[in-house]
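Shown here: protein_11.pdb, PDB, C-alpha atoms and all ligand atoms.
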ATOM      1  CA  MET A 365     -19.843 179.969 130.124
ATOM      2  CA  SER A 366     -18.214 180.424 133.564
ATOM      3  CA  GLN A 367     -19.691 178.312 136.336
ATOM      4  CA  LEU A 368     -19.321 178.102 140.099
ATOM      5  CA  SER A 369     -17.313 175.162 141.457
ATOM      6  CA  THR A 370     -20.185 174.231 143.793
ATOM      7  CA  ARG A 371     -23.949 173.648 143.653
ATOM      8  CA  HIS A 372     -24.509 175.044 147.176
ATOM      9  CA  LEU A 373     -23.311 178.229 148.877
ATOM     10  CA  LEU A 374     -22.649 176.957 152.395
ATOM     11  CA  GLY A 375     -19.718 179.165 153.338
ATOM     12  CA  ILE A 376     -16.924 181.288 151.880
ATOM     13  CA  LYS A 377     -14.385 178.801 153.239
ATOM     14  CA  ASP A 378     -15.678 176.205 150.729
ATOM     15  CA  ILE A 379     -15.499 178.364 147.578
ATOM     16  CA  THR A 380     -12.567 179.527 145.459
ATOM     17  CA  GLU A 381     -11.251 182.991 144.651
ATOM     18  CA  THR A 382     -12.517 182.383 141.073
ATOM     19  CA  ASP A 383     -16.020 181.639 142.434
ATOM     20  CA  ILE A 384     -15.950 184.868 144.468
ATOM     21  CA  ARG A 385     -14.800 186.972 141.510
ATOM     22  CA  LEU A 386     -17.455 185.373 139.263
ATOM     23  CA  ILE A 387     -20.183 186.207 141.811
ATOM     24  CA  LEU A 388     -18.946 189.813 142.191
ATOM     25  CA  ASP A 389     -18.699 190.355 138.405
ATOM     26  CA  THR A 390     -22.187 188.867 137.884
ATOM     27  CA  ALA A 391     -23.522 191.080 140.708
ATOM     28  CA  ALA A 392     -22.182 194.173 138.910
ATOM     29  CA  ASN A 393     -24.348 193.234 135.896
ATOM     30  CA  PHE A 394     -27.398 192.677 138.118
ATOM     31  CA  LYS A 395     -26.820 196.017 139.884
ATOM     32  CA  GLU A 396     -27.191 197.689 136.486
ATOM     33  CA  VAL A 397     -30.406 195.668 135.915
ATOM     34  CA  ILE A 398     -32.033 196.681 139.217
ATOM     35  CA  ASN A 399     -31.374 200.341 138.528
ATOM     36  CA  ARG A 400     -33.356 200.203 135.262
ATOM     37  CA  PRO A 401     -36.988 201.404 135.165
ATOM     38  CA  ILE A 402     -37.974 197.725 134.597
ATOM     39  CA  LYS A 403     -36.018 195.862 137.257
ATOM     40  CA  LYS A 404     -37.124 192.323 136.467
ATOM     41  CA  VAL A 405     -35.431 189.705 134.261
ATOM     42  CA  PRO A 406     -36.800 186.235 133.370
ATOM     43  CA  SER A 407     -33.608 184.330 134.351
ATOM     44  CA  LEU A 408     -35.221 182.106 137.043
ATOM     45  CA  ARG A 409     -38.695 181.710 135.536
ATOM     46  CA  ASP A 410     -40.127 178.276 136.560
ATOM     47  CA  ILE A 411     -37.619 177.977 139.453
ATOM     48  CA  THR A 412     -39.221 177.812 142.921
ATOM     49  CA  ILE A 413     -37.233 179.045 145.922
ATOM     50  CA  ALA A 414     -38.123 178.541 149.603
ATOM     51  CA  ASN A 415     -36.760 181.024 152.138
ATOM     52  CA  ILE A 416     -36.633 179.054 155.384
ATOM     53  CA  PHE A 417     -35.802 181.214 158.402
ATOM     54  CA  PHE A 418     -35.430 179.624 161.841
ATOM     55  CA  GLU A 419     -33.930 182.872 163.230
ATOM     56  CA  ASN A 420     -34.965 186.527 163.035
ATOM     57  CA  SER A 421     -33.910 188.579 160.021
ATOM     58  CA  THR A 422     -34.841 191.856 158.370
ATOM     59  CA  ARG A 423     -32.191 192.626 155.718
ATOM     60  CA  THR A 424     -31.234 189.113 154.595
ATOM     61  CA  ARG A 425     -34.783 187.768 154.265
ATOM     62  CA  LEU A 426     -36.124 190.828 152.421
ATOM     63  CA  SER A 427     -33.029 191.030 150.254
ATOM     64  CA  PHE A 428     -33.254 187.361 149.172
ATOM     65  CA  GLU A 429     -36.972 187.694 148.488
ATOM     66  CA  LEU A 430     -36.439 190.804 146.358
ATOM     67  CA  ALA A 431     -33.519 189.162 144.524
ATOM     68  CA  GLU A 432     -35.673 186.100 143.762
ATOM     69  CA  LYS A 433     -38.596 188.220 142.552
ATOM     70  CA  ARG A 434     -36.314 190.405 140.379
ATOM     71  CA  LEU A 435     -35.162 187.116 138.739
ATOM     72  CA  SER A 436     -38.827 186.037 138.206
ATOM     73  CA  ALA A 437     -38.561 182.991 140.509
ATOM     74  CA  ASP A 438     -41.612 181.691 142.386
ATOM     75  CA  VAL A 439     -41.039 182.368 146.089
ATOM     76  CA  VAL A 440     -42.379 180.789 149.273
ATOM     77  CA  ASN A 441     -41.456 182.036 152.733
ATOM     78  CA  PHE A 442     -41.280 179.965 155.895
ATOM     79  CA  SER A 443     -40.685 181.292 159.382
ATOM     80  CA  SER A 444     -40.238 178.784 162.224
ATOM     81  CA  SER A 445     -42.052 180.999 164.737
ATOM     82  CA  ASN A 446     -45.475 180.245 163.226
ATOM     83  CA  SER A 447     -44.813 176.740 161.835
ATOM     84  CA  SER A 448     -45.131 173.077 162.869
ATOM     85  CA  VAL A 449     -41.521 173.243 164.168
ATOM     86  CA  LYS A 450     -43.278 174.485 167.301
ATOM     87  CA  LYS A 451     -45.052 171.075 167.438
ATOM     88  CA  GLY A 452     -41.744 169.185 167.386
ATOM     89  CA  GLU A 453     -41.150 168.560 163.659
ATOM     90  CA  THR A 454     -37.472 167.918 162.763
ATOM     91  CA  LEU A 455     -35.414 170.062 160.385
ATOM     92  CA  VAL A 456     -35.220 167.325 157.713
ATOM     93  CA  ASP A 457     -38.951 166.563 157.953
ATOM     94  CA  THR A 458     -39.785 170.262 157.674
ATOM     95  CA  VAL A 459     -37.572 170.724 154.638
ATOM     96  CA  ASN A 460     -38.651 167.462 152.949
ATOM     97  CA  ASN A 461     -42.278 168.543 153.265
ATOM     98  CA  ILE A 462     -41.412 171.849 151.628
ATOM     99  CA  LEU A 463     -39.461 170.060 148.873
ATOM    100  CA  ALA A 464     -42.391 167.683 148.241
ATOM    101  CA  MET A 465     -44.100 170.814 146.927
ATOM    102  CA  LYS A 466     -41.418 170.876 144.136
ATOM    103  CA  VAL A 467     -39.011 173.479 145.479
ATOM    104  CA  ASP A 468     -35.723 173.814 143.549
ATOM    105  CA  MET A 469     -33.647 175.961 145.906
ATOM    106  CA  VAL A 470     -33.610 176.557 149.658
ATOM    107  CA  VAL A 471     -32.271 179.697 151.347
ATOM    108  CA  MET A 472     -31.893 178.886 155.028
ATOM    109  CA  ARG A 473     -31.011 180.736 158.227
ATOM    110  CA  HIS A 474     -30.576 178.601 161.323
ATOM    111  CA  ALA A 475     -29.177 179.105 164.835
ATOM    112  CA  SER A 476     -27.068 175.919 164.665
ATOM    113  CA  PRO A 477     -23.658 176.092 162.956
ATOM    114  CA  GLY A 478     -23.572 173.484 160.171
ATOM    115  CA  ALA A 479     -27.366 173.216 159.727
ATOM    116  CA  PRO A 480     -27.225 174.083 155.974
ATOM    117  CA  HIS A 481     -24.300 171.654 155.488
ATOM    118  CA  PHE A 482     -26.408 168.906 157.108
ATOM    119  CA  LEU A 483     -29.312 169.786 154.850
ATOM    120  CA  SER A 484     -27.141 169.709 151.712
ATOM    121  CA  ARG A 485     -26.263 166.060 152.495
ATOM    122  CA  ASN A 486     -29.922 165.098 152.910
ATOM    123  CA  ILE A 487     -31.887 166.856 150.190
ATOM    124  CA  THR A 488     -31.451 167.426 146.452
ATOM    125  CA  ALA A 489     -32.231 171.172 146.192
ATOM    126  CA  ASN A 490     -29.477 173.810 145.918
ATOM    127  CA  ILE A 491     -28.869 175.261 149.414
ATOM    128  CA  VAL A 492     -27.836 178.825 150.240
ATOM    129  CA  ASN A 493     -26.684 179.540 153.788
ATOM    130  CA  ALA A 494     -28.307 182.786 154.972
ATOM    131  CA  GLY A 495     -26.455 182.592 158.327
ATOM    132  CA  ASP A 496     -25.791 179.532 160.506
ATOM    133  CA  GLY A 497     -25.324 180.441 164.149
ATOM    134  CA  THR A 498     -21.881 181.889 164.880
ATOM    135  CA  HIS A 499     -20.358 180.107 161.856
ATOM    136  CA  GLU A 500     -20.772 181.765 158.415
ATOM    137  CA  HIS A 501     -22.925 184.321 156.589
ATOM    138  CA  PRO A 502     -21.506 184.003 153.063
ATOM    139  CA  THR A 503     -23.783 186.399 151.165
ATOM    140  CA  GLN A 504     -23.075 189.132 153.756
ATOM    141  CA  ALA A 505     -19.327 188.751 153.140
ATOM    142  CA  LEU A 506     -19.880 188.831 149.365
ATOM    143  CA  LEU A 507     -21.985 191.993 149.531
ATOM    144  CA  ASP A 508     -19.431 193.556 151.886
ATOM    145  CA  ALA A 509     -16.602 192.750 149.446
ATOM    146  CA  PHE A 510     -18.686 194.079 146.525
ATOM    147  CA  SER A 511     -19.346 197.335 148.430
ATOM    148  CA  MET A 512     -15.651 197.708 149.364
ATOM    149  CA  GLN A 513     -14.609 197.116 145.728
ATOM    150  CA  GLU A 514     -17.097 199.751 144.549
ATOM    151  CA  LYS A 515     -15.486 202.262 146.904
ATOM    152  CA  LEU A 516     -11.800 201.261 146.707
ATOM    153  CA  GLY A 517     -11.354 199.239 143.504
ATOM    154  CA  ASP A 518      -9.364 195.989 143.643
ATOM    155  CA  LEU A 519      -8.960 194.866 147.270
ATOM    156  CA  THR A 520      -5.424 193.468 146.882
ATOM    157  CA  GLY A 521      -3.314 195.001 149.666
ATOM    158  CA  LYS A 522      -6.231 197.003 151.104
ATOM    159  CA  LYS A 523      -6.416 197.093 154.905
ATOM    160  CA  ILE A 524      -9.716 196.010 156.435
ATOM    161  CA  ALA A 525     -10.361 196.099 160.199
ATOM    162  CA  ILE A 526     -13.270 194.069 161.583
ATOM    163  CA  ILE A 527     -14.154 195.673 164.897
ATOM    164  CA  GLY A 528     -16.414 194.447 167.711
ATOM    165  CA  ASP A 529     -17.898 191.146 168.825
ATOM    166  CA  ILE A 530     -15.782 188.768 166.746
ATOM    167  CA  LEU A 531     -16.472 185.790 169.033
ATOM    168  CA  HIS A 532     -20.209 185.578 168.286
ATOM    169  CA  SER A 533     -20.073 186.822 164.686
ATOM    170  CA  ARG A 534     -20.711 184.745 161.559
ATOM    171  CA  VAL A 535     -20.082 187.916 159.527
ATOM    172  CA  ALA A 536     -16.506 188.129 160.875
ATOM    173  CA  LEU A 537     -15.537 184.614 159.812
ATOM    174  CA  SER A 538     -17.060 184.883 156.317
ATOM    175  CA  ASN A 539     -15.463 188.331 155.847
ATOM    176  CA  ILE A 540     -12.033 187.028 156.878
ATOM    177  CA  PHE A 541     -12.191 184.122 154.381
ATOM    178  CA  CYS A 542     -13.560 186.333 151.578
ATOM    179  CA  LEU A 543     -11.185 189.287 152.028
ATOM    180  CA  GLN A 544      -8.110 187.071 152.311
ATOM    181  CA  LYS A 545      -9.076 185.214 149.119
ATOM    182  CA  LEU A 546      -9.326 188.633 147.415
ATOM    183  CA  GLY A 547      -5.829 189.603 148.632
ATOM    184  CA  ALA A 548      -6.758 192.106 151.379
ATOM    185  CA  GLU A 549      -4.981 192.416 154.736
ATOM    186  CA  VAL A 550      -7.378 191.751 157.617
ATOM    187  CA  MET A 551      -7.243 192.895 161.232
ATOM    188  CA  VAL A 552      -9.686 192.043 164.009
ATOM    189  CA  CYS A 553     -10.159 194.410 166.946
ATOM    190  CA  GLY A 554     -12.219 194.117 170.115
ATOM    191  CA  PRO A 555     -11.992 193.375 173.815
ATOM    192  CA  ILE A 556      -9.881 190.253 174.443
ATOM    193  CA  THR A 557     -12.975 188.445 175.783
ATOM    194  CA  LEU A 558     -14.737 188.917 172.430
ATOM    195  CA  LEU A 559     -11.861 187.544 170.309
ATOM    196  CA  PRO A 560     -11.841 183.752 169.739
ATOM    197  CA  LYS A 561      -8.650 182.048 171.013
ATOM    198  CA  TYR A 562      -7.955 180.554 167.550
ATOM    199  CA  ILE A 563      -8.243 183.883 165.703
ATOM    200  CA  SER A 564      -4.536 184.517 164.948
ATOM    201  CA  SER A 565      -4.292 181.041 163.370
ATOM    202  CA  LEU A 566      -6.488 182.469 160.555
ATOM    203  CA  GLY A 567      -3.633 184.798 159.547
ATOM    204  CA  VAL A 568      -5.277 188.041 160.717
ATOM    205  CA  LYS A 569      -3.682 190.849 162.712
ATOM    206  CA  VAL A 570      -5.100 191.269 166.222
ATOM    207  CA  GLU A 571      -5.474 194.699 167.858
ATOM    208  CA  LEU A 572      -7.074 195.573 171.198
ATOM    209  CA  ASP A 573      -6.970 199.378 170.766
ATOM    210  CA  VAL A 574      -9.755 200.658 168.502
ATOM    211  CA  LYS A 575      -7.961 203.969 167.783
ATOM    212  CA  LYS A 576      -4.901 202.071 166.487
ATOM    213  CA  ALA A 577      -7.184 199.850 164.362
ATOM    214  CA  LEU A 578      -8.817 202.938 162.827
ATOM    215  CA  GLU A 579      -5.396 204.512 162.142
ATOM    216  CA  TRP A 580      -4.280 201.300 160.355
ATOM    217  CA  CYS A 581      -7.249 200.529 158.135
ATOM    218  CA  ASP A 582      -8.821 201.734 154.884
ATOM    219  CA  VAL A 583     -12.162 200.207 155.896
ATOM    220  CA  ALA A 584     -13.642 199.586 159.346
ATOM    221  CA  ASN A 585     -16.357 196.929 159.263
ATOM    222  CA  VAL A 586     -18.021 197.457 162.637
ATOM    223  CA  LEU A 587     -19.952 194.560 164.165
ATOM    224  CA  ARG A 588     -22.883 194.457 166.530
ATOM    225  CA  ILE A 589     -22.554 193.329 170.119
ATOM    226  CA  GLN A 590     -24.627 190.131 169.947
ATOM    227  CA  LEU A 591     -26.199 190.158 173.399
ATOM    228  CA  GLU A 592     -28.658 187.416 172.383
ATOM    229  CA  ARG A 593     -25.728 184.976 171.974
ATOM    230  CA  GLN A 594     -23.947 185.929 175.213
ATOM    231  CA  GLN A 595     -24.765 183.560 178.084
ATOM    232  CA  ILE A 596     -22.169 185.171 180.378
ATOM    233  CA  LYS A 597     -20.868 188.740 180.760
ATOM    234  CA  TYR A 598     -17.964 189.462 178.390
ATOM    235  CA  PHE A 599     -17.588 193.114 179.467
ATOM    236  CA  PRO A 600     -18.878 195.099 182.471
ATOM    237  CA  SER A 601     -21.608 197.134 180.736
ATOM    238  CA  LEU A 602     -22.714 198.460 177.338
ATOM    239  CA  ARG A 603     -21.737 201.942 178.579
ATOM    240  CA  GLU A 604     -18.179 200.764 179.214
ATOM    241  CA  TYR A 605     -18.029 198.925 175.862
ATOM    242  CA  SER A 606     -19.145 202.093 174.105
ATOM    243  CA  LEU A 607     -16.556 204.158 176.013
ATOM    244  CA  TYR A 608     -13.637 201.917 174.967
ATOM    245  CA  TYR A 609     -14.779 200.460 171.615
ATOM    246  CA  GLY A 610     -17.583 202.719 170.365
ATOM    247  CA  ILE A 611     -16.757 204.678 167.186
ATOM    248  CA  ASN A 612     -17.996 208.247 166.773
ATOM    249  CA  LYS A 613     -17.578 210.939 164.118
ATOM    250  CA  LYS A 614     -15.068 212.930 166.203
ATOM    251  CA  MET A 615     -12.734 209.911 166.177
ATOM    252  CA  LEU A 616     -13.098 209.600 162.384
ATOM    253  CA  GLN A 617     -12.425 213.305 161.805
ATOM    254  CA  ALA A 618      -9.338 213.152 164.055
ATOM    255  CA  LEU A 619      -7.811 210.526 161.716
ATOM    256  CA  ASP A 620      -7.179 213.103 158.993
ATOM    257  CA  LYS A 621      -7.506 210.464 156.236
ATOM    258  CA  GLU A 622     -10.160 208.770 154.115
ATOM    259  CA  ILE A 623     -11.848 205.898 155.924
ATOM    260  CA  VAL A 624     -14.888 203.816 154.990
ATOM    261  CA  ILE A 625     -17.299 202.748 157.741
ATOM    262  CA  MET A 626     -19.408 199.629 157.227
ATOM    263  CA  HIS A 627     -21.827 197.680 159.402
ATOM    264  CA  PRO A 628     -23.831 194.556 158.431
ATOM    265  CA  GLY A 629     -26.797 195.691 160.562
ATOM    266  CA  PRO A 630     -28.771 195.733 162.695
ATOM    267  CA  ILE A 631     -26.853 198.582 164.404
ATOM    268  CA  ASN A 632     -26.914 199.112 168.161
ATOM    269  CA  ARG A 633     -26.805 202.902 167.788
ATOM    270  CA  GLY A 634     -24.766 204.506 170.563
ATOM    271  CA  VAL A 635     -23.021 201.219 171.445
ATOM    272  CA  GLU A 636     -20.594 200.113 168.684
ATOM    273  CA  LEU A 637     -21.340 203.096 166.442
ATOM    274  CA  SER A 638     -22.728 206.545 167.255
ATOM    275  CA  SER A 639     -25.486 207.928 165.023
ATOM    276  CA  ASP A 640     -23.203 210.729 163.784
ATOM    277  CA  ALA A 641     -20.693 208.101 162.568
ATOM    278  CA  ALA A 642     -23.314 205.677 161.172
ATOM    279  CA  ASP A 643     -24.973 208.477 159.194
ATOM    280  CA  SER A 644     -21.745 210.299 158.225
ATOM    281  CA  GLU A 645     -20.155 210.752 154.798
ATOM    282  CA  HIS A 646     -17.727 207.938 155.765
ATOM    283  CA  SER A 647     -20.554 205.398 156.040
ATOM    284  CA  ILE A 648     -21.628 203.109 153.171
ATOM    285  CA  ILE A 649     -24.060 201.111 155.309
ATOM    286  CA  LEU A 650     -27.100 201.672 153.086
ATOM    287  CA  HIS A 651     -25.034 200.952 149.958
ATOM    288  CA  GLN A 652     -24.283 197.559 151.518
ATOM    289  CA  VAL A 653     -28.028 196.926 151.798
ATOM    290  CA  GLU A 654     -28.635 198.031 148.195
ATOM    291  CA  ASN A 655     -25.780 195.846 146.930
ATOM    292  CA  GLY A 656     -27.145 192.858 148.863
ATOM    293  CA  VAL A 657     -29.957 192.433 146.343
ATOM    294  CA  ALA A 658     -27.595 192.391 143.321
ATOM    295  CA  VAL A 659     -25.147 190.021 145.033
ATOM    296  CA  ARG A 660     -27.936 187.598 146.037
ATOM    297  CA  MET A 661     -29.336 187.718 142.488
ATOM    298  CA  ALA A 662     -25.876 186.701 141.261
ATOM    299  CA  VAL A 663     -25.591 183.835 143.759
ATOM    300  CA  LEU A 664     -29.054 182.437 142.956
ATOM    301  CA  TYR A 665     -28.592 182.840 139.195
ATOM    302  CA  LEU A 666     -25.208 181.079 139.192
ATOM    303  CA  LEU A 667     -26.313 178.245 141.521
ATOM    304  CA  ALA A 668     -29.468 177.629 139.471
ATOM    305  CA  GLY A 669     -27.203 176.766 136.536
ATOM    306  CA  ILE A 670     -25.725 173.820 138.451
ATOM    307  CA  LYS A 671     -28.092 170.900 139.029
ATOM    308  CA  GLY A 672     -27.352 167.868 141.244
TER     309      GLY A 672
HETATM  310  N1  LIG B 701     -26.990 191.590 158.223
HETATM  311  C1  LIG B 701     -27.966 190.715 158.554
HETATM  312  O1  LIG B 701     -27.803 189.489 158.486
HETATM  313  O2  LIG B 701     -29.107 191.322 158.982
HETATM  314  P1  LIG B 701     -30.454 190.536 159.354
HETATM  315  O3  LIG B 701     -30.173 189.737 160.606
HETATM  316  O4  LIG B 701     -31.492 191.624 159.580
HETATM  317  O5  LIG B 701     -30.806 189.640 158.215
END
Written as structure tokens, how would this file's structure read?
Ligand code: CP
Amino acid sequence: MSQLSTRHLLGIKDITETDIRLILDTAANFKEVINRPIKKVPSLRDITIANIFFENSTRTRLSFELAEKRLSADVVNFSSSNSSVKKGETLVDTVNNILAMKVDMVVMRHASPGAPHFLSRNITANIVNAGDGTHEHPTQALLDAFSMQEKLGDLTGKKIAIIGDILHSRVALSNIFCLQKLGAEVMVCGPITLLPKYISSLGVKVELDVKKALEWCDVANVLRIQLERQQIKYFPSLREYSLYYGINKKMLQALDKEIVIMHPGPINRGVELSSDAADSEHSIILHQVENGVAVRMAVLYLLAGIKG
């Protein structure tokens, strides 16, 4: 039986092309399962999974919980906002207390880059990174790749533009690693202040003009302006950002070609994407959300097969 090369999913940088293809193929099987009248399989019966979220989340937390329940795992949810973290408990103490209750796997979101890597060196459970600060969001990249493949077939040679706030985005970095491993060409586009200085060293094209990026690509993965991570002003105003980098349906129609619009959510409607573009026939945003459950089922199922 095929196995992943790792017992944790900490980032796409750490896994192989074979791992990615195994996850995507397994997700295709689980997508068929979750579209049956009976959506549940017994694959993770007797496995207990803790979803530990130190940062806000709607899609990722719900999607992991649904994936776990569809696999018949026992699920506990932890949110730092109403926990003893508020009384000064450390990350390792918090997690060790949860593990003392016989938890097998931990899905964790944390504001600090590297927090899940730190955890993986200190506890025995399988760890899944559900987003660590501005670093990586591996399951988002996997569900994005799965959704692109569904629409375009094999991604070798396909042109993917990641547009928006690249500097503060964990989705951008995980997407770059994942798409390159699958053979796609990747471009990043945004205001120069929102592009990290090291970005061209990752082998991506860099474009400052959003219209040129849209003309070049098969898929535009549009990212949110992450105001909560911006301590200083990176552009004069949201109105100006929207004027120069916002994507609307008129721009898409003017391209006179097929283009796929994606967004990891949550969308700032009217800033990076107008409602008529987000809700247009070009958009596969809700397919991404649907596919997230199947992809996370695949990740959890495959990791559960590898014990420490
Ligand atoms: N895409 C994503 O990570 O969304 P949430 O922050 O709502 O989980």
Atomic separation - atom CA of Met661 of chain A relative to atom CA of Ile648 of chain A, Å: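 For atom CA of Ile648 of chain A relative to atom CA of Met661 of chain A, the distance reads 20.3 Å.
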For ligand LIG 701 (chain B), what centre and edge lengths in Å (one decimal) does the axis-aligned box get once 6 Å is added on each side of all its listed atoms, as lines of an AutoDock Vina configuration file?
center_x = -29.2
center_y = 190.6
center_z = 159.4
size_x = 16.5
size_y = 14.1
size_z = 14.4
May I ask which of the residues A:Leu374, A:Ile413, A:Ile611, A:Val397 is the closest one to Gly478 of chain A, counting all atoms listed in the file?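 Once distances to Gly478 of chain A are computed over all atoms listed in the file, the minimum belongs to A:Leu374.
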Applied to this file, what does the PyMOL selection byres (((not hetatm)) within 7 of (chain B and resi 701)) return in terms of residues, put as a VMD selection string? chain A and resid 420 to 425 504 628 to 630
Calculate how many Å separate atom CA of Arg385 of chain A from atom CA of Ile527 of chain A, rounding to one decimal.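 We find that atom CA of Arg385 of chain A and atom CA of Ile527 of chain A lie 25.0 Å from each other.
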Closest to Leu483 of chain A among A:Thr380, A:Gln594, A:Thr498, A:Thr454, using all atoms listed in the file?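 Of A:Thr380, A:Gln594, A:Thr498, A:Thr454, the one nearest Leu483 of chain A, counting all atoms listed in the file, is A:Thr454.
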Evaluated on this file, the PyMOL selection byres (((chain A and resi 641) around 12) and not hetatm) picks out some residues - which ones are they, written as a PyMOL selection string? chain A and resi 584+586+610-617+623-627+631+633-640+642-649
I need the residue nearest Arg409 of chain A from this list: A:Ser564, A:Ser436, A:Ser427, A:Ser606. Use only C-alpha atoms for the distance.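 Looking only at the distances to Arg409 of chain A, the closest residue turns out to be A:Ser436.
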Run through the PyMOL selection byres (((chain A and resi 659) around 8) and not hetatm) on the given coordinates and return the selected residues as a PyMOL selection string. chain A and resi 387-388+390-392+394+503+506-507+510+655-658+660-663
Neighbour list for Phe482 of chain A as a list in words, cut-off 12 Å, all atoms listed in the file, skip fewer than 4 positions in-chain: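 With the cut-off at 12 Å, the set is His372, Leu374, Leu455, Val456, Val459, Met472, His474, Ser476, Pro477, Gly478, Asn486, Ile487, Thr488, Ile491, Asn493 and Asp496 of chain A.
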Identify which of the residues A:Ala479, A:Gln544, A:Gln595, A:Leu578 lies closest to His532 of chain A, counting only C-alpha atoms when measuring atom-to-atom distances.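 Closest residue, counting only C-alpha atoms: A:Gln595.
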Between atom CA of Lys561 of chain A and atom CA of Gly528 of chain A, what distance in Å does the model show, to one decimal?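 Atom CA of Gly528 of chain A lies 15.0 Å from atom CA of Lys561 of chain A.
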Find the residue from A:Asn415, A:Asn632, A:Asn490, A:Thr557 that sits nearest to Leu666 of chain A; use only C-alpha atoms when measuring.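 Ranking A:Asn415, A:Asn632, A:Asn490, A:Thr557 by distance to Leu666 of chain A, first place goes to A:Asn490.
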Please determine, counting only C-alpha atoms, which residue among A:Phe417, A:Met551, A:Thr412, A:Glu604 has the shortest atom-to-atom distance to Ala464 of chain A.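 Distance minimum relative to Ala464 of chain A lands on A:Thr412.
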